[in-house]
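J.: After the structure tokens below, expect a handful of questions from me.
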Protein chains: 2
Amino acid sequence: MLDVCLLGTGGMMPLPRRALTALMVRYNGSSLLIDCGEGTQVAIREKGWSVNPIDTICFTHYHGDHIGGLPGLLLSMGNAERTGPLTMIGPKGLKKVVNALRIIAPGLPFEINFVELNENVFNMELSGLMIEAFRVDHSVPCYGYSIVVPRKGRFSVESAKELGLPINLWNPLQKGNTVEFEGKLYTPDMVLGPERKGIKLTYCTDTRPADIIALKAADADLFICEGMYGEKDKLAKAKENKHMTFYEAAELAKRANVKKMWLTHYSPSLVKPEQYMDDVRAVFSDAECGKDRKSVTLDFED
Amino acid sequence: MLDVCLLGTGGMMPLPRRALTALMVRYNGSSLLIDCGEGTQVAIREKGWSVNPIDTICFTHYHGDHIGGLPGLLLSMGNAERTGPLTMIGPKGLKKVVNALRIIAPGLPFEINFVELNENVFNMELSGLMIEAFRVDHSVPCYGYSIVVPRKGRFSVESAKELGLPINLWNPLQKGNTVEFEGKLYTPDMVLGPERKGIKLTYCTDTRPADIIALKAADADLFICEGMYGEKDKLAKAKENKHMTFYEAAELAKRANVKKMWLTHYSPSLVKPEQYMDDVRAVFSDAECGKDRKSVTLDFED
């Protein structure tokens, strides 16, 4: 189970009733945040979630609306007496940017580990989640992220019985542990079928449409994608500012064959994103408007 | 006329229904801001005021809750196409702190002039306002501010008549200009009485009570003062953290003989500041709870 909350839906600047775009997921007692604009910590509190269990912060890029809230969040995590290390992932320059901002958050009771992205695609596992970062197409280096909860293969009772393994060893094997029985080692692959589709969430903001997005969002349970403009005649503006229209996002969702798409990162000039959704759904039927603190719990299929 | 808005009333961290403490005043088309925590630009928008006319930003000190919103505000001022120079005033280190934070707000279409405070008391005039900064008693160098709208002396019709000045020259003299009449120069002091009491606003947060505060707030029309704790048994904590209780703030207001006091900068643990006000008013009767976006227009007496 992956708890997902789109903390805000704004681009460029925080507005009274629209926080800046950021995403938080909770999995197995650990939380992961993508981006942290001014006000993100307030949105977390408003949702009723806690800043303390945030073990990972991923940054798409370092424009102010995506990282301006970091010093305040770090201070609040410190005040919440967090002591465990925090991992930050982001484009090249991460450490330099974070350390500059920390001029107002110097003393923290926890360590920060920096993972700087240099490759176009980067994978790592953190707190049980598979994180894939992929370079998108913005005016500065910018990354999208897929978050995957992996799912082991189905446990084969037949195989376990054939191997003559007692029932008390089935569970550890199912959980991925190697066990010993009568002097012989048994590995999980001996009783598990092929790995099954896990839970997949793909998030990308601040980019033009790009093949890599469709590729990396493939078959996602939820695709959260920027849509800076709902007005069709703002395509030229979207191209100029390296953003997308709602319809371009919907085309990507369709190509990626995702289950559902939420739009986010609306221009401050866009007052009612809902009014464009009929046209968006004509392109991709499972499209929804992101709203501040819109949430879902994603689970394994079947 | 001085429009005053207490943009927020929180200390330490922004909360869903309590923005961080900051003050904005509008005078004669120009605005002045004191402090800019995370979310201050949202509070300005929520009030319906504009970020564009902010010509001066004063900082009390550089703890995150008082300056974390600066990069976002600067970006929004840039987006609002401000081009006129901006003056910042604050304790020593101002330029270093602001330039570090500007790693996420590098290109701005306006200049920033820095005024770093080294003295215990510093006076300057900006956009028609007299600004007095005075060093208070916090864990780091921290300043309170008085903002004064000066008021010229009363115009003496008798003096003007005695000097034989024609009526069309009275107004320029009244406005402080020197005029020439029949080859002779006439200065405003020749027709104006002694300078009268102007509008005075004093603001101070993040400090223990100190004599200088009572001195510099003397006879203020409005004294906005921190009150971190309403609970009387938190005096020791207030001393330890270099803050004040509501009652200490009220004592200062009484000593300074101000017309009215608003409390602000509440601890996140303080849920209902109103519940302590009877006891506060027993010390100083014209005390009020500050509330987010509480506003007043101050005018000259009589």
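Residue numbers start at 1 in each chain; chains themselves are named A, B, ... in the order of the structure tokens; ligands are numbered from 1 in the order shown.
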Could you tell me which residues of chain A sit within 12 Å of chain B when counting only C-alpha atoms, and give me the result as a PyMOL selection string?

T.: chain A and resi 11-20+36-48+61-80+93-107+268

J.: Report as a ChimeraX atom specification all protein, DNA and RNA residues lying within 10 Å of B:Asp211, evaluated on only C-alpha atoms, omitting residues in the same chain fewer than 6 positions from it.

T.: /B:136,252,255-256

J.: Which residues are near A:Trp170? Cut-off 10 Å, only C-alpha atoms, ignore same chain within fewer than 5 positions. Put them as a list in words.

T.: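 My reading of the contact set: Phe155, Ser156, Val157, Ala160, Lys161, Leu165, Lys175, Asn177, Val179, Pro188 and Val191 of chain A.
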
J.: Give me, as a PDB file with N, CA and C atoms, in the first residue's frame, all polymer residues having an atom no more than 9 Å from A:Thr297, counting only C-alpha atoms and skipping those fewer than 5 positions away in the same chain.

T.:
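File written: selection.pdb
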```pdb
ATOM      1  N   MET A   1       0.828  -1.207   0.000  1.00  0.00           N
ATOM      2  CA  MET A   1       0.000   0.000   0.000  1.00  0.00           C
ATOM      3  C   MET A   1       0.863   1.258   0.000  1.00  0.00           C
ATOM      4  N   LEU A   2       0.541   2.134  -0.926  1.00  0.00           N
ATOM      5  CA  LEU A   2       1.283   3.387  -1.034  1.00  0.00           C
ATOM      6  C   LEU A   2       0.278   4.531  -0.886  1.00  0.00           C
ATOM      7  N   ASP A   3       0.451   5.311   0.191  1.00  0.00           N
ATOM      8  CA  ASP A   3      -0.403   6.496   0.379  1.00  0.00           C
ATOM      9  C   ASP A   3       0.188   7.641  -0.414  1.00  0.00           C
ATOM     10  N   VAL A   4      -0.622   8.256  -1.236  1.00  0.00           N
ATOM     11  CA  VAL A   4      -0.136   9.325  -2.106  1.00  0.00           C
ATOM     12  C   VAL A   4      -0.916  10.592  -1.826  1.00  0.00           C
ATOM     13  N   CYS A   5      -0.218  11.691  -1.657  1.00  0.00           N
ATOM     14  CA  CYS A   5      -0.913  12.978  -1.499  1.00  0.00           C
ATOM     15  C   CYS A   5      -0.248  14.040  -2.355  1.00  0.00           C
TER      16      CYS A   5
END
```

J.: Please indicate the distance in Å from atom CA of B:Lys259 to atom CA of B:Ile224, rounded to one decimal place.

T.: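 Computing the Euclidean distance for atom CA of B:Lys259 and atom CA of B:Ile224 yields 11.1 Å.
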
J.: Using backbone DSSP assignments, extract all strand (DSSP E or B) residues from stretch 77-256 of chain B; output them as an MDAnalysis selection string.

T.: chainID B and resid 86:91 112:117 121:126 129:135 137 143:151 155 179:181 184:186 192 196:204 208 222:226 229 245

J.: Could the residues in this selection be written to a file with C-alpha atoms, as a compact mmCIF listing (two decimals), in the first residue's frame?

T.:
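Below is the file selection22.txt, written as the result:
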```
# COMPACT_ATOMS: atom_id res chain seq x y z
CA LEU B 86 14.54 47.79 -3.27
CA THR B 87 16.18 48.71 0.02
CA MET B 88 16.83 46.05 2.65
CA ILE B 89 17.71 46.90 6.23
CA GLY B 90 18.89 44.37 8.79
CA PRO B 91 21.55 43.29 11.26
CA ILE B 112 18.81 45.72 -4.09
CA ASN B 113 20.47 48.22 -1.77
CA PHE B 114 21.65 46.82 1.54
CA VAL B 115 21.75 48.77 4.80
CA GLU B 116 23.52 46.72 7.48
CA LEU B 117 22.96 47.72 11.08
CA VAL B 121 20.28 52.62 17.27
CA PHE B 122 20.06 53.65 13.64
CA ASN B 123 17.84 56.21 11.90
CA MET B 124 17.07 56.78 8.27
CA GLU B 125 14.39 58.32 6.07
CA LEU B 126 12.96 56.29 3.20
CA LEU B 129 8.93 57.49 6.44
CA MET B 130 11.35 57.88 9.35
CA ILE B 131 12.70 54.46 10.25
CA GLU B 132 14.39 53.87 13.57
CA ALA B 133 16.05 50.51 14.24
CA PHE B 134 17.05 49.60 17.78
CA ARG B 135 18.94 46.55 19.01
CA ASP B 137 17.85 41.22 23.34
CA TYR B 143 16.39 44.73 16.00
CA GLY B 144 13.05 46.34 16.69
CA TYR B 145 11.75 49.10 14.43
CA SER B 146 9.78 52.30 14.81
CA ILE B 147 8.13 53.71 11.70
CA VAL B 148 7.18 57.35 11.95
CA VAL B 149 5.23 59.58 9.59
CA PRO B 150 6.56 63.01 10.50
CA ARG B 151 4.18 65.93 10.79
CA PHE B 155 0.89 76.85 9.24
CA VAL B 179 9.94 80.16 -2.28
CA GLU B 180 11.12 83.43 -3.77
CA PHE B 181 9.04 86.60 -3.63
CA LYS B 184 13.78 87.56 -1.37
CA LEU B 185 13.85 83.89 -0.23
CA TYR B 186 11.27 82.58 2.25
CA LEU B 192 5.38 76.93 10.26
CA ARG B 196 4.01 68.16 15.70
CA LYS B 197 3.66 64.57 16.82
CA GLY B 198 3.47 62.34 13.76
CA ILE B 199 2.13 58.81 13.39
CA LYS B 200 4.27 56.30 15.26
CA LEU B 201 4.27 52.55 14.97
CA THR B 202 6.71 50.37 16.91
CA TYR B 203 7.32 46.73 16.12
CA CYS B 204 9.40 44.26 18.01
CA ARG B 208 13.41 39.65 26.11
CA LEU B 222 0.47 51.29 17.93
CA PHE B 223 2.98 48.96 19.53
CA ILE B 224 3.15 45.49 18.00
CA CYS B 225 5.07 43.29 20.36
CA GLU B 226 5.93 39.63 20.58
CA TYR B 229 3.63 32.53 25.66
CA THR B 245 5.25 36.30 27.95
```

J.: How many Å lie between atom CA of B:Leu263 and atom CA of B:Asn52, rounded to one decimal?

T.: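 Atom-to-atom, atom CA of B:Leu263 and atom CA of B:Asn52 are spaced 27.7 Å apart.
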
J.: Would you give me, as a VMD selection string, the residues in stretch 63-167 of chain A that DSSP reads as alpha helix (DSSP H)?

T.: chain A and resid 64 to 67 70 to 79 94 to 101 157 to 162
